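Trainee: What follows is entry-v7.cif, mmCIF, C-alpha atoms and all ligand atoms.
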```cif
data_entry
loop_
_atom_site.label_atom_id
_atom_site.label_comp_id
_atom_site.auth_asym_id
_atom_site.auth_seq_id
_atom_site.Cartn_x
_atom_site.Cartn_y
_atom_site.Cartn_z
CA MET G 1 -15.58 -0.38 14.20
CA ASN G 2 -19.37 -0.12 13.94
CA THR G 3 -19.83 1.51 10.55
CA THR G 4 -19.80 -0.31 7.22
CA LEU G 5 -17.54 1.17 4.57
CA ASN G 6 -19.55 1.90 1.44
CA TYR G 7 -17.07 4.01 -0.48
CA PRO G 8 -14.60 2.81 -3.14
CA LEU G 9 -11.56 1.00 -1.80
CA PHE G 10 -8.51 0.52 -4.00
CA VAL G 11 -6.41 -2.23 -2.46
CA PHE G 12 -2.75 -2.50 -3.44
CA LEU G 13 -1.33 -5.98 -2.92
CA GLY G 14 2.18 -7.13 -3.67
CA PRO G 15 5.56 -7.65 -2.04
CA PRO G 16 7.37 -4.94 -0.09
CA GLY G 17 9.54 -2.95 -2.49
CA SER G 18 7.47 -3.74 -5.58
CA GLY G 19 6.59 -0.07 -6.01
CA LYS G 20 3.03 -0.47 -4.83
CA GLY G 21 3.44 2.48 -2.46
CA THR G 22 4.49 4.78 -5.30
CA LEU G 23 1.58 3.62 -7.47
CA ALA G 24 -0.81 4.00 -4.56
CA GLN G 25 0.42 7.55 -3.89
CA LYS G 26 -0.07 8.48 -7.55
CA LEU G 27 -3.56 7.00 -7.68
CA SER G 28 -4.51 8.76 -4.47
CA LYS G 29 -3.42 12.11 -5.97
CA THR G 30 -5.29 11.43 -9.21
CA LEU G 31 -8.51 10.46 -7.47
CA GLY G 32 -8.26 13.02 -4.67
CA ILE G 33 -8.69 10.42 -1.93
CA PRO G 34 -6.22 9.52 0.86
CA HIS G 35 -3.38 7.05 0.49
CA LEU G 36 -3.48 4.88 3.58
CA SER G 37 -0.21 3.00 3.95
CA THR G 38 -0.42 0.74 6.97
CA GLY G 39 3.40 0.61 7.10
CA ASP G 40 3.54 4.44 7.33
CA LEU G 41 0.76 4.43 9.93
CA LEU G 42 2.65 1.92 12.07
CA ARG G 43 5.99 3.69 11.64
CA LYS G 44 4.38 6.94 12.89
CA PHE G 45 2.82 5.05 15.80
CA ALA G 46 6.19 3.46 16.64
CA GLU G 47 7.73 6.93 17.11
CA GLY G 48 5.68 7.35 20.31
CA SER G 49 7.15 6.80 23.75
CA SER G 50 4.53 4.38 25.10
CA GLU G 51 5.39 0.76 25.81
CA LEU G 52 3.08 -0.28 22.98
CA ALA G 53 4.87 2.06 20.56
CA GLN G 54 8.20 0.48 21.53
CA GLN G 55 6.74 -2.98 21.01
CA VAL G 56 5.59 -1.99 17.50
CA ALA G 57 8.98 -0.42 16.73
CA ASP G 58 10.65 -3.71 17.65
CA LEU G 59 8.32 -5.73 15.38
CA LEU G 60 8.89 -3.34 12.45
CA GLN G 61 12.63 -3.50 12.97
CA LYS G 62 12.53 -7.31 12.73
CA GLY G 63 10.17 -7.40 9.73
CA HIS G 64 7.38 -9.21 11.62
CA LEU G 65 3.70 -8.39 11.19
CA VAL G 66 2.13 -6.31 13.96
CA PRO G 67 -0.49 -8.45 15.76
CA LYS G 68 -4.12 -7.70 14.99
CA GLU G 69 -4.97 -6.61 18.55
CA ILE G 70 -2.64 -3.62 18.11
CA PHE G 71 -2.87 -3.09 14.37
CA LEU G 72 -6.65 -3.11 13.86
CA ASP G 73 -7.23 -0.41 16.46
CA ILE G 74 -4.80 1.92 14.71
CA LEU G 75 -6.30 1.10 11.28
CA HIS G 76 -9.91 1.61 12.39
CA GLN G 77 -9.15 4.98 13.95
CA LYS G 78 -7.76 6.10 10.60
CA LEU G 79 -10.62 4.65 8.52
CA GLU G 80 -13.12 6.45 10.74
CA SER G 81 -11.39 9.83 10.40
CA SER G 82 -13.19 12.52 8.40
CA ASP G 83 -10.70 12.60 5.49
CA CYS G 84 -11.36 8.92 4.73
CA GLN G 85 -15.06 9.20 3.98
CA ASN G 86 -15.03 9.43 0.14
CA GLY G 87 -12.76 6.55 -0.70
CA VAL G 88 -9.35 5.25 0.30
CA VAL G 89 -6.31 3.84 -1.46
CA LEU G 90 -5.13 1.03 0.82
CA ASP G 91 -1.47 0.02 0.71
CA GLY G 92 -0.16 -2.79 2.93
CA PHE G 93 -3.53 -4.06 4.12
CA PRO G 94 -4.75 -6.74 3.92
CA ARG G 95 -1.57 -8.69 4.25
CA ASN G 96 -2.85 -12.15 5.09
CA PHE G 97 -6.00 -14.25 4.84
CA GLU G 98 -7.29 -13.20 8.27
CA GLN G 99 -6.96 -9.51 7.42
CA ALA G 100 -8.65 -10.06 4.04
CA LYS G 101 -11.63 -11.66 5.78
CA HIS G 102 -11.66 -8.71 8.17
CA LEU G 103 -11.74 -6.23 5.27
CA ASP G 104 -14.59 -8.12 3.58
CA ALA G 105 -16.59 -7.80 6.79
CA LEU G 106 -15.93 -4.05 6.94
CA VAL G 107 -17.21 -3.21 3.44
CA GLU G 108 -20.75 -3.12 2.16
CA ASP G 109 -19.98 -5.10 -1.00
CA PRO G 110 -16.67 -7.05 -1.05
CA SER G 111 -17.10 -7.79 -4.77
CA LYS G 112 -16.49 -4.08 -5.44
CA LEU G 113 -13.04 -3.96 -3.88
CA VAL G 114 -10.59 -2.91 -6.59
CA LEU G 115 -7.70 -5.33 -6.05
CA ILE G 116 -4.41 -4.30 -7.64
CA ASN G 117 -1.75 -7.00 -7.49
CA VAL G 118 1.68 -5.49 -8.12
CA GLN G 119 4.20 -8.11 -9.27
CA LEU G 120 8.02 -8.03 -9.17
CA PRO G 121 10.71 -10.75 -8.77
CA ASP G 122 12.47 -10.91 -5.38
CA GLU G 123 15.96 -10.21 -6.76
CA VAL G 124 14.81 -6.92 -8.32
CA ILE G 125 13.10 -6.01 -5.04
CA VAL G 126 16.29 -6.49 -3.00
CA GLN G 127 18.17 -4.21 -5.41
CA ARG G 128 15.43 -1.58 -5.23
CA LEU G 129 14.98 -1.60 -1.47
CA THR G 130 18.62 -1.30 -0.53
CA GLY G 131 18.71 1.99 -2.51
CA ARG G 132 15.41 3.33 -1.25
CA ARG G 133 15.19 6.61 0.68
CA GLN G 134 12.05 8.05 2.28
CA CYS G 135 11.11 11.55 3.37
CA THR G 136 11.11 11.69 7.17
CA ALA G 137 8.13 14.08 7.11
CA CYS G 138 5.76 13.28 4.19
CA SER G 139 6.91 9.66 3.46
CA LYS G 140 7.49 10.29 -0.26
CA THR G 141 9.91 7.65 -1.55
CA TYR G 142 13.02 8.01 -3.74
CA HIS G 143 15.78 5.71 -5.05
CA ILE G 144 19.44 6.74 -5.06
CA ASP G 145 19.89 5.43 -8.66
CA PHE G 146 16.45 5.22 -10.28
CA ALA G 147 14.52 8.14 -8.75
CA PRO G 148 16.92 10.50 -6.94
CA PRO G 149 15.66 13.74 -5.39
CA HIS G 150 16.69 17.01 -7.12
CA GLN G 151 18.82 17.91 -4.11
CA ASP G 152 20.80 15.13 -2.44
CA GLY G 153 19.06 13.87 0.73
CA ILE G 154 16.20 16.41 0.59
CA CYS G 155 12.55 15.79 -0.29
CA ASP G 156 11.50 17.53 -3.52
CA ASP G 157 8.01 18.19 -2.21
CA CYS G 158 8.33 19.31 1.42
CA LYS G 159 12.12 19.98 1.63
CA ASN G 160 12.57 17.81 4.72
CA PRO G 161 15.50 15.37 5.05
CA LEU G 162 15.34 11.89 3.55
CA GLY G 163 16.13 8.84 5.66
CA ILE G 164 16.71 5.08 5.27
CA ARG G 165 14.04 2.89 6.78
CA SER G 166 15.48 0.62 9.45
CA ASP G 167 13.73 -2.35 7.81
CA ASP G 168 15.42 -1.70 4.44
CA GLN G 169 18.51 -3.68 5.43
CA LYS G 170 19.15 -6.81 3.39
CA GLU G 171 18.44 -9.46 6.04
CA VAL G 172 15.26 -7.66 7.12
CA ILE G 173 14.17 -7.34 3.47
CA LEU G 174 14.62 -11.10 2.98
CA LYS G 175 12.59 -11.74 6.14
CA ARG G 176 9.81 -9.39 4.94
CA LEU G 177 9.74 -11.12 1.54
CA ALA G 178 9.45 -14.53 3.23
CA VAL G 179 6.58 -13.21 5.40
CA PHE G 180 4.89 -11.81 2.28
CA HIS G 181 5.17 -15.03 0.22
CA THR G 182 3.80 -17.21 3.02
CA ALA G 183 0.75 -14.97 3.53
CA PHE G 184 0.17 -14.39 -0.19
CA LYS G 185 -0.29 -18.13 -0.81
CA ASP G 186 -3.61 -17.86 1.07
CA LEU G 187 -4.59 -14.44 -0.26
CA LEU G 188 -4.29 -15.34 -3.94
CA PRO G 189 -7.03 -18.02 -4.07
CA PHE G 190 -9.25 -15.85 -1.86
CA TYR G 191 -9.05 -12.83 -4.16
CA HIS G 192 -8.02 -13.69 -7.69
CA ALA G 193 -11.48 -14.61 -9.00
CA ARG G 194 -13.01 -11.32 -7.79
CA PRO G 195 -14.47 -9.08 -10.53
CA PHE G 196 -12.05 -6.18 -9.98
CA TRP G 197 -8.81 -8.15 -9.62
CA MET G 198 -5.92 -6.95 -11.79
CA ASN G 199 -2.19 -7.67 -12.11
CA VAL G 200 0.34 -4.91 -12.73
CA ASP G 201 3.85 -5.87 -13.88
CA ALA G 202 6.12 -3.57 -11.85
CA ASN G 203 9.31 -4.31 -13.80
CA HIS G 204 9.04 -0.99 -15.68
CA SER G 205 9.44 2.68 -14.81
CA PRO G 206 6.93 4.11 -12.31
CA GLU G 207 5.30 6.14 -15.14
CA GLU G 208 4.89 3.07 -17.37
CA CYS G 209 3.46 1.04 -14.49
CA TYR G 210 1.03 3.83 -13.68
CA GLN G 211 -0.14 4.10 -17.30
CA ALA G 212 -0.68 0.33 -17.35
CA LEU G 213 -2.70 0.58 -14.14
CA MET G 214 -4.83 3.44 -15.46
CA GLN G 215 -5.60 1.42 -18.60
CA LYS G 216 -6.81 -1.44 -16.45
CA LEU G 217 -8.96 0.91 -14.39
CA GLU G 218 -10.60 2.12 -17.59
CA ASN G 219 -12.05 -1.35 -18.11
CA PRO G 220 -15.78 -0.61 -18.67
CA ALA G 221 -16.86 -2.88 -15.81
CA ILE G 222 -14.80 -0.89 -13.36
CA ALA G 223 -15.32 2.49 -15.05
CA GLN G 224 -19.07 2.19 -14.57
CA TYR G 225 -18.61 1.85 -10.84
CA LEU G 226 -15.90 4.48 -10.69
CA GLU G 227 -17.71 7.03 -12.82
CA PRO G 228 -17.47 9.99 -10.41
CA TYR G 229 -13.74 9.45 -10.14
CA PHE G 230 -13.16 8.97 -13.84
CA THR G 231 -14.20 12.53 -14.58
CA CYS G 232 -11.44 13.84 -12.34
CA MET G 233 -8.99 11.13 -13.48
CA LYS G 234 -9.33 12.18 -17.13
CA GLU G 235 -8.75 15.83 -16.15
CA THR G 236 -5.48 15.03 -14.43
CA LEU G 237 -4.09 12.55 -16.94
P1 LIG A 301 5.37 -1.77 4.57
O1 LIG A 301 5.76 -0.34 4.65
O2 LIG A 301 4.02 -1.98 3.96
O3 LIG A 301 6.45 -2.61 3.92
O4 LIG A 301 5.23 -2.29 6.10
C1 LIG A 301 6.32 -2.19 7.00
C2 LIG A 301 6.03 -3.03 8.22
O5 LIG A 301 4.84 -2.57 8.88
C3 LIG A 301 5.78 -4.51 7.96
O6 LIG A 301 6.99 -5.24 7.82
C4 LIG A 301 5.01 -4.90 9.21
O7 LIG A 301 5.89 -5.00 10.31
C5 LIG A 301 4.14 -3.68 9.46
N1 LIG A 301 2.82 -3.78 8.77
C6 LIG A 301 2.40 -3.07 7.69
N2 LIG A 301 1.17 -3.41 7.32
C7 LIG A 301 0.76 -4.36 8.20
C8 LIG A 301 -0.42 -5.13 8.34
N3 LIG A 301 -1.44 -5.04 7.45
N4 LIG A 301 -0.50 -6.02 9.36
C9 LIG A 301 0.51 -6.16 10.24
N5 LIG A 301 1.68 -5.48 10.15
C10 LIG A 301 1.82 -4.59 9.15
#
```
Output the file's structure as structure tokens, nothing else.
Ligand code: AMP
Mentor:
Amino acid sequence: MNTTLNYPLFVFLGPPGSGKGTLAQKLSKTLGIPHLSTGDLLRKFAEGSSELAQQVADLLQKGHLVPKEIFLDILHQKLESSDCQNGVVLDGFPRNFEQAKHLDALVEDPSKLVLINVQLPDEVIVQRLTGRRQCTACSKTYHIDFAPPHQDGICDDCKNPLGIRSDDQKEVILKRLAVFHTAFKDLLPFYHARPFWMNVDANHSPEECYQALMQKLENPAIAQYLEPYFTCMKETL
């Protein structure tokens, strides 16, 4: 990728199943900028029939990270697309120290990355993920107990069928959590002293978590930088 990204980047960090995807989707709607979930990107890629697509599908199925040689190409193509030129809500990237260094090198001013660390204990995550359902078309997520769709098995928004992600089985979830914790040990010291680092406690309803996040984003230091977005945020709140 030759260009330097000089638009706002909201980076959601946190374990799989913490609800960071839901928060990222909401923020993306509020700000009117795309939600770029690297997991969704890779799942779409893995549906292809190429040998590479099958290789990615196998890695996803096992809960392993997709190697950078494959992953970065797919990510860069997306970041360079026309809909990603006014800001992006990143979800699932960076996932380790190497990817965080890569992101720093892509942006004009790394100190302006808005880093949102979503926190939730592992045992709550396992309970949440085993009940998760996802729209097979638009990727909107639901939970059979906590956030069911209006009609059983059907997406409220686009009316397509809901499915269970193949990596939402218990042993794969535990593997993904282990992968997350190992990588996060290096990410935390790299990021946590940055000016726009914030923690969000995800052990509440999605609405409560989102309100807490919005309050943090209204911090004057961030608001100053986000001014163009805040006008539209206030209108939609
Ligand atoms: P997620 O939907 O974010 O839980 O991601 C699902 C799966 O996609 C992960 O378990 C990885 O296999 C793969 N994946 C997502 N993001 C990345 C990334 N930044 N680097 C490598 N692999 C990734």
Trainee: Would you mind listing what lies within 12 Å of Lys68 (chain G) as number ranges by chain, with only C-alpha atoms counted and same-chain residues fewer than 3 positions away left out?
Mentor: G: 56, 65, 71-76, 93-96, 98-99, 102
Trainee: Can you tell me how far CA of Leu187 (chain G) sits from CA of Thr4 (chain G), in Å to one decimal?
Mentor: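 The value is 22.1 Å.
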Trainee: Neighbouring residues of Leu174 (chain G) were defined as those with any atom within 12 Å, considering only C-alpha atoms; residues of the same chain fewer than 5 positions away were excluded. Please report them as a PyMOL selection string.
Mentor: chain G and resi 15-17+62-64+122-123+125-127+129-130+167-169+179-181
Trainee: Please produce an output containing C-alpha atoms for each residue in the selection, written as a PDB file, in the frame of the given file.
Mentor:
```
ATOM      1  CA  PRO G  15       5.560  -7.650  -2.040  1.00  0.00           C
ATOM      2  CA  PRO G  16       7.370  -4.940  -0.090  1.00  0.00           C
ATOM      3  CA  GLY G  17       9.540  -2.950  -2.490  1.00  0.00           C
ATOM      4  CA  LYS G  62      12.530  -7.310  12.730  1.00  0.00           C
ATOM      5  CA  GLY G  63      10.170  -7.400   9.730  1.00  0.00           C
ATOM      6  CA  HIS G  64       7.380  -9.210  11.620  1.00  0.00           C
ATOM      7  CA  ASP G 122      12.470 -10.910  -5.380  1.00  0.00           C
ATOM      8  CA  GLU G 123      15.960 -10.210  -6.760  1.00  0.00           C
ATOM      9  CA  ILE G 125      13.100  -6.010  -5.040  1.00  0.00           C
ATOM     10  CA  VAL G 126      16.290  -6.490  -3.000  1.00  0.00           C
ATOM     11  CA  GLN G 127      18.170  -4.210  -5.410  1.00  0.00           C
ATOM     12  CA  LEU G 129      14.980  -1.600  -1.470  1.00  0.00           C
ATOM     13  CA  THR G 130      18.620  -1.300  -0.530  1.00  0.00           C
ATOM     14  CA  ASP G 167      13.730  -2.350   7.810  1.00  0.00           C
ATOM     15  CA  ASP G 168      15.420  -1.700   4.440  1.00  0.00           C
ATOM     16  CA  GLN G 169      18.510  -3.680   5.430  1.00  0.00           C
ATOM     17  CA  VAL G 179       6.580 -13.210   5.400  1.00  0.00           C
ATOM     18  CA  PHE G 180       4.890 -11.810   2.280  1.00  0.00           C
ATOM     19  CA  HIS G 181       5.170 -15.030   0.220  1.00  0.00           C
TER      20      HIS G 181
END
```
Trainee: Rank nothing, just name the residue among G:Val114, G:Ala193, G:Leu120, G:Ala183 nearest to Ala221 (chain G), using all atoms listed in the file.
Mentor: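 Distance minimum relative to Ala221 (chain G) lands on G:Val114.
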Trainee: Please return the centre and edge lengths, in Å to one decimal, of a box with edges along x, y and z that contains all listed atoms of region 33-52 of chain G, widened by 5 Å on every side, as lines of an AutoDock Vina configuration file.
Mentor:
```
center_x = -0.5
center_y = 5.1
center_z = 11.9
size_x = 26.4
size_y = 20.7
size_z = 37.7
```
Trainee: Restrict the calculation to only C-alpha atoms, then for each residue of region 85-108 of chain G with any atom at most 12 Å from an atom of region 33-47 of chain G give the closest atom pair and their distance in Å to one decimal, rows by chain and rising residue number, as a Markdown table.
Mentor:
```
| residue | atom | partner | partner_atom | distance |
| --- | --- | --- | --- | --- |
| G:Gln85 | CA | G:Ile33 | CA | 8.8 |
| G:Asn86 | CA | G:Ile33 | CA | 6.7 |
| G:Gly87 | CA | G:Ile33 | CA | 5.7 |
| G:Val88 | CA | G:Pro34 | CA | 5.3 |
| G:Val89 | CA | G:His35 | CA | 4.8 |
| G:Leu90 | CA | G:Leu36 | CA | 5.0 |
| G:Asp91 | CA | G:Ser37 | CA | 4.6 |
| G:Gly92 | CA | G:Thr38 | CA | 5.4 |
| G:Phe93 | CA | G:Thr38 | CA | 6.4 |
| G:Pro94 | CA | G:Thr38 | CA | 9.2 |
| G:Arg95 | CA | G:Thr38 | CA | 9.9 |
```
Trainee: Put those residues in a file: C-alpha atoms, as a JSON list (two decimals), in the coordinates of the input.
Mentor:
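Result file is result10.json:
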```
[["chain", "number", "residue", "atom", "x", "y", "z"],
["G", 85, "GLN", "CA", -15.06, 9.20, 3.98],
["G", 86, "ASN", "CA", -15.03, 9.43, 0.14],
["G", 87, "GLY", "CA", -12.76, 6.55, -0.70],
["G", 88, "VAL", "CA", -9.35, 5.25, 0.30],
["G", 89, "VAL", "CA", -6.31, 3.84, -1.46],
["G", 90, "LEU", "CA", -5.13, 1.03, 0.82],
["G", 91, "ASP", "CA", -1.47, 0.02, 0.71],
["G", 92, "GLY", "CA", -0.16, -2.79, 2.93],
["G", 93, "PHE", "CA", -3.53, -4.06, 4.12],
["G", 94, "PRO", "CA", -4.75, -6.74, 3.92],
["G", 95, "ARG", "CA", -1.57, -8.69, 4.25]]
```
Trainee: Choose the residue, out of G:Cys158, G:Pro8, G:Asp104, G:Gly163, that has the smallest atom-to-atom separation from Ala223 (chain G); count only C-alpha atoms.
Mentor: G:Pro8
Trainee: Can you tell me how far CA of Phe190 (chain G) sits from CA of Leu59 (chain G), in Å to one decimal?
Mentor: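 If I compute the distance from CA of Phe190 (chain G) to CA of Leu59 (chain G), I get 26.6 Å.
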Trainee: Counting only C-alpha atoms and all ligand atoms, figure out which residue out of G:Val107, G:Ile144, G:Ile173, G:Ala53 gets nearest to ligand LIG 301 (chain A).
Mentor: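 With only C-alpha atoms and all ligand atoms as the atom set, the closest residue is G:Ile173.
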Trainee: Taking all atoms listed in the file into account, name the residue in G:Gln61, G:Asn199, G:Gln224, G:Asn219 that is nearest to ligand LIG 301 (chain A).
Mentor: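 So, comparing all the options, the nearest one is G:Gln61.
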Trainee: Point out the residue among G:Leu5, G:Val66, G:Ile154, G:Met198 with the least atom-to-atom distance to ligand LIG 301 (chain A), counting all atoms listed in the file.
Mentor: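 Answer, going by the shortest atom-to-atom distance: G:Val66.
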Trainee: In Å to one decimal, how far is CA of Trp197 (chain G) from CA of Leu60 (chain G)?
Mentor: 28.7 Å
